[in-house]
Amino acid sequence: MPEFTCTECGGAFSLPTAVVERYPGWTPRRCRHCRDGGGGARGAVEENLTVEEVLDRYHGGPDTGVFTDGSADPNPGPGGWGAVYAVDDAVVTRAHGHESHTTNNRMELTALLAGYDLVPAGTPATIYTDSDLAVRTINEWAPQWEARGWRRKAGPIANLDLVRLLYAKARQRPELRLRWIRGHGGARWNEYADALSTAYRRLRV
């Protein structure tokens, strides 16, 4: 079954092939959970908050780690990415950028690549992303794809250039763990990464 990424919670979901083929050109944007009203708060991206506003509003979630986010609006279209390394609820360093034409998934992967580079070599840390697809790609699927010469039975691997770079970086940095965090769930530093990813839309971050 075709797999998609929910633009609201960041989770992966699938739909029967027959349903997708019934509507040519249609790309579902939300999983059933979010479509039925089970999603979290609107979040920094939807409200277009600055990082200062995020810090004032949100106080939940882990207080230490690397937090990354990326998106395109529309998808595909202009997009941005953000990554922040926080320790004990304070910013150590951060990075962000944008591209004029890209996709949600490319920005998520780009944010993760930058996130790995924020942590000094040899320093254990957890890297959080709200893209379940990115986490499963690196933690579960990439080892199998590499063993097959970067091929998969279902067809070409999307964003293979970034996937290969990120998988190589993850293998080089075993002290860093990649974990999923729910998007728009009120986690302070996830929301901060959201705000960084949309900094290109504002005059200030």
# chains A, B, ... in the order shown; residues from 1 in each chain; ligands from 1
>>> residues_around(residues="Leu109 of chain A", least_positions_apart="3", cutoff="8 Å", atoms="only C-alpha atoms", output="list in words")
Gly70, Asn105, Arg106, Leu112, Leu113, Ala134, Leu162, Val163 and Leu166 of chain A
>>> select_by_dssp(residues="segment 62-153 of chain A", states="helix (DSSP H, G or I)", output="ChimeraX atom specification")
/A:104-118,132-147
>>> residues_around(residues="Ser71 of chain A", least_positions_apart="3", cutoff="6 Å", atoms="only C-alpha atoms", output="PDB file with C-alpha atoms, in the first residue's frame")
ATOM      1  CA  GLY A  79      10.413  24.960   2.299  1.00  0.00           C
ATOM      2  CA  GLY A  80      12.673  25.273   5.282  1.00  0.00           C
ATOM      3  CA  ASN A 104       8.440  18.009   3.293  1.00  0.00           C
ATOM      4  CA  MET A 107      13.490  19.213   4.486  1.00  0.00           C
TER       5      MET A 107
END
>>> closest_atom_pairs(of="segment 38-149 of chain A", to="segment 172-189 of chain A", cutoff="8 Å", atoms="only C-alpha atoms", output="tab-separated table")
residue	atom	partner	partner_atom	distance
A:Gly39	CA	A:His184	CA	7.9
A:Gly40	CA	A:Gly185	CA	5.1
A:Ala41	CA	A:His184	CA	5.2
A:Arg42	CA	A:His184	CA	6.1
A:Gly43	CA	A:His184	CA	4.6
A:Ala44	CA	A:His184	CA	7.5
A:Val54	CA	A:Arg188	CA	7.0
A:Leu55	CA	A:Arg188	CA	6.8
A:Tyr58	CA	A:Arg188	CA	4.8
A:His59	CA	A:Arg188	CA	5.1
A:Gly60	CA	A:Ala187	CA	4.7
A:Gly61	CA	A:Ala187	CA	4.1
A:Pro62	CA	A:Ala187	CA	7.1
A:Asp63	CA	A:Trp189	CA	7.4
A:Phe67	CA	A:Trp189	CA	6.1
A:Val84	CA	A:Trp189	CA	7.4
A:Ala86	CA	A:Trp189	CA	7.6
A:Tyr116	CA	A:Leu176	CA	7.7
A:Ala121	CA	A:Arg173	CA	7.6
A:Gly122	CA	A:Glu175	CA	6.5
A:Thr123	CA	A:Glu175	CA	6.6
A:Pro124	CA	A:Glu175	CA	4.7
A:Ala125	CA	A:Leu176	CA	5.0
A:Thr126	CA	A:Arg177	CA	4.7
A:Ile127	CA	A:Leu178	CA	4.8
A:Tyr128	CA	A:Arg179	CA	5.0
A:Thr129	CA	A:Trp180	CA	5.2
A:Asp130	CA	A:Ile181	CA	4.9
A:Ser131	CA	A:Trp180	CA	6.6
A:Asp132	CA	A:Trp180	CA	5.9
A:Val135	CA	A:Trp180	CA	6.4
A:Asn139	CA	A:Leu178	CA	7.6
>>> closest_residue(among="A:Thr5, A:Asn159, A:Thr64, A:Thr50", to="Asp194 of chain A", atoms="only C-alpha atoms")
A:Thr50
